[in-house]
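Please read the structure below before turning to the comments.
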Amino acid sequence: MKNSGIKILLNGLIKENPVFVLILGMCPTLATTSSAVNGMSMGLATLFVLFSSNIIVSILKNIIPDKVRIPAYVVIIATFVSVAEMLIHAYFPAIYESLGIFIPLIVVNCIVLGRAEAFASKNTVLSSALDGLGMGLGFTLALTLLGVVRELLGTGKVFGNIVFSENYGAIIFVLAPGAFIVLGYLIAIMNKLRKTL
Amino acid sequence: MTFIFIFISAVFVNNIVLSQFLGICPFLGVSKRMDTAIGMTGAVAFVMAIATIFTYIIQKAVLDPFHIQFLQTITFILIIAALVQLVEIVLKKISPALYQALGVYLPLITTNCTILGVALLVIKKDFNLVESVVFAISTAIGFGLALILLAGIREQLNMVKLPKGMEGIPAALITAGLLAMAFMGFAGIVR
């Protein structure tokens, strides 16, 4: 049991990483990673929603009628997104400003609904919680990595710490095209690594 | 004049996919072939215009007067989900031909963040109802433009040999990046 718990947790982190392998949740991945901090906060907000909604869905899985399960899941997810939105607004106003519309849009992030439907509706509360945690951490990891690369190439900083002078940064990586190009190359590298492993 | 500004801004300058990053999933998912790209664009334009009208009215008539704006996210997503179902049923009855063309794309649209994104954006930008509809339709056209451009390029990309790891999604993403770079040339036309 202990072994399989760790397996579920690691599954989301590496083997089925939502961003690099499943290619889910692309919109926030591209939009909020202009800096490492933004990427990480978006990842953590999604982690919170994924973790909580997975637990509630797996608790209620026998009560929710099969036919209306998708709308029911959406309502559960939307509730937690609203909670997350209010918490971020209250405690981290700067992050709330920079993430903007992408906080409410966690509702339509396919990973959250995808895990509720594919995992939490069929498994126990504990493993659903671990799955939510693993997937959320995998998402956070991917977003942070993308944010670090873009921030470094674009402005020469990592988490705001100067690595090299901003004059040598290519600002294009912080702007929209950079997001697509960096993510494209990161996925290509991951594909290559997974083949050789 | 405002309408023209809204149109140009939504289609070119602030293109929903290439500079706002909304609707990336269908952008990558259905851009493999031209005909699916066109079908998806039609379905999105249709649902987006209707959904924006409904969410706008609910926001102004229910959420604002009762000061329950914090229910915005839940309300909007439910309206959109219900609306997509409704559109599907009505289309099936009224126009089977259109249903045939758009049918498979409709269920996918509930989780298409462009619809919810535009519904939230028009409230944020403080548009009136007519401006909102113009904005919704222009955004859909912008989405279609990006989708069809990428589909055209990806059809050609199928014929060249790429390194193994780059095939599929990575190549599409890098192509999209180059498209986004081209669209940055429009920056500054409006405001």
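Going by the structure tokens order, chains are called A, B, ..., each with residues numbered from 1, while ligands are numbered from 1 in the order shown.
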
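The part of chain B that reaches within 6 Å of chain A is made up of Ser19, Phe21, Leu22, Ile24, Ile74, Thr111, Cys113, Gly165, Met166, Pro170, Leu173, Ile174, Gly177, Ala180 and Met181 of chain B, counting only C-alpha atoms.
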
Selection from above, N, CA and C atoms, as a short mmCIF file (atom, residue, chain, number, x, y, z; two decimals), in the first residue's frame, can you write it?
```
data_model
loop_
_atom_site.label_atom_id
_atom_site.label_comp_id
_atom_site.auth_asym_id
_atom_site.auth_seq_id
_atom_site.Cartn_x
_atom_site.Cartn_y
_atom_site.Cartn_z
N SER B 19 -1.71 36.16 -28.60
CA SER B 19 -1.14 37.06 -27.61
C SER B 19 -1.85 36.97 -26.26
N PHE B 21 -3.20 33.92 -25.16
CA PHE B 21 -3.04 32.52 -24.72
C PHE B 21 -4.33 31.88 -24.25
N LEU B 22 -5.44 32.15 -24.89
CA LEU B 22 -6.66 31.44 -24.53
C LEU B 22 -7.00 30.48 -25.66
N ILE B 24 -5.75 27.42 -26.20
CA ILE B 24 -4.59 26.73 -26.76
C ILE B 24 -4.91 25.26 -27.04
N ILE B 74 -18.69 30.57 -10.94
CA ILE B 74 -19.61 29.43 -10.93
C ILE B 74 -20.79 29.68 -11.86
N THR B 111 -15.21 23.17 -22.25
CA THR B 111 -13.92 23.36 -21.60
C THR B 111 -12.96 24.21 -22.44
N CYS B 113 -11.41 27.51 -23.01
CA CYS B 113 -11.36 28.66 -22.12
C CYS B 113 -11.63 29.98 -22.84
N GLY B 165 11.98 13.69 -31.74
CA GLY B 165 11.37 14.34 -30.59
C GLY B 165 10.54 15.57 -30.94
N MET B 166 10.81 16.17 -32.08
CA MET B 166 10.14 17.41 -32.46
C MET B 166 8.79 17.19 -33.13
N PRO B 170 5.59 19.61 -30.29
CA PRO B 170 6.68 20.59 -30.22
C PRO B 170 6.81 21.42 -31.49
N LEU B 173 4.06 23.93 -31.61
CA LEU B 173 4.26 25.04 -30.67
C LEU B 173 5.26 26.05 -31.21
N ILE B 174 6.35 25.54 -31.81
CA ILE B 174 7.36 26.46 -32.32
C ILE B 174 6.82 27.23 -33.51
N GLY B 177 4.80 29.88 -32.17
CA GLY B 177 5.66 30.95 -31.68
C GLY B 177 6.06 31.90 -32.79
N ALA B 180 3.13 33.97 -33.68
CA ALA B 180 2.92 35.00 -32.67
C ALA B 180 3.87 36.17 -32.90
N MET B 181 5.11 35.83 -33.31
CA MET B 181 6.09 36.87 -33.58
C MET B 181 5.63 37.75 -34.74
#
```

Counting only C-alpha atoms, what is within 9 Å of segment 27-37 of chain B, bar same-chain residues fewer than 6 positions away, as a PyMOL selection string?
-> chain B and resi 17+105+143-144+146-152+154-155+169+172-173

Shortest interatomic distance to Ser52 of chain A - which of A:Pro93, A:Gly136, A:Gly39, A:Gly12, counting only C-alpha atoms | A:Gly136

Hey, can you check how far atom CA of Ala45 of chain B sits from atom CA of Gln59 of chain B?
->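 Spanning atom CA of Ala45 of chain B to atom CA of Gln59 of chain B is a straight-line distance of 20.9 Å.
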
In Å to one decimal, how far is atom CA of Phe135 of chain B from atom CA of Lys92 of chain B?
-> 27.4 Å

If you run DSSP on this backbone, which residues of segment 1-195 of chain A come out as strand (DSSP E or B), and could you give them as a PyMOL selection string?
-> chain A and resi 157-158+161-162

Residue selection dump (C-alpha atoms) as a CSV table (one decimal), in the first residue's frame:
```
chain,number,residue,atom,x,y,z
A,157,LYS,CA,17.2,37.0,-13.7
A,158,VAL,CA,16.0,33.9,-11.8
A,161,ASN,CA,18.0,37.5,-8.7
A,162,ILE,CA,20.3,38.9,-11.3
```

Which residues, written as a PyMOL selection string, have at least one atom at most 8 Å from Ile53 of chain B, with only C-alpha atoms counted and residues fewer than 2 positions away on the same chain left out?
-> chain B and resi 49-51+55-57+129+132-133

Using the selection just defined, write its residues with C-alpha atoms as a short mmCIF file (atom, residue, chain, number, x, y, z; two decimals), in the first residue's frame.
```cif
data_model
loop_
_atom_site.label_atom_id
_atom_site.label_comp_id
_atom_site.auth_asym_id
_atom_site.auth_seq_id
_atom_site.Cartn_x
_atom_site.Cartn_y
_atom_site.Cartn_z
CA ALA B 49 -21.63 35.23 -29.37
CA ILE B 50 -24.62 33.63 -27.61
CA ALA B 51 -22.75 32.89 -24.38
CA THR B 55 -23.49 36.01 -19.27
CA TYR B 56 -23.53 39.79 -19.80
CA ILE B 57 -27.25 40.02 -19.04
CA LEU B 129 -23.98 44.90 -24.72
CA SER B 132 -19.56 42.93 -26.11
CA VAL B 133 -21.19 41.11 -29.01
#
```

A:Leu87, A:Ala129, A:Leu10, A:Ala72: which is nearest Ile77 of chain B, counting only C-alpha atoms?
->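 Using only C-alpha atoms, the shortest distance to Ile77 of chain B belongs to A:Ala72.
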
If you run DSSP on the backbone, which residues of segment 18-172 of chain B are helix (DSSP H, G or I), as a count of residues only?
-> 124

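Minimum distance to Ala119 of chain B across B:Met159, B:Ile153, B:Met48, B:Ala176 (counting only C-alpha atoms) occurs at B:Met48.
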
Mind giving me the straight-line distance from atom CA of Leu44 of chain A to atom CA of Ile88 of chain A in Å, one decimal?
->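 About the pair atom CA of Leu44 of chain A and atom CA of Ile88 of chain A: they are 10.9 Å apart.
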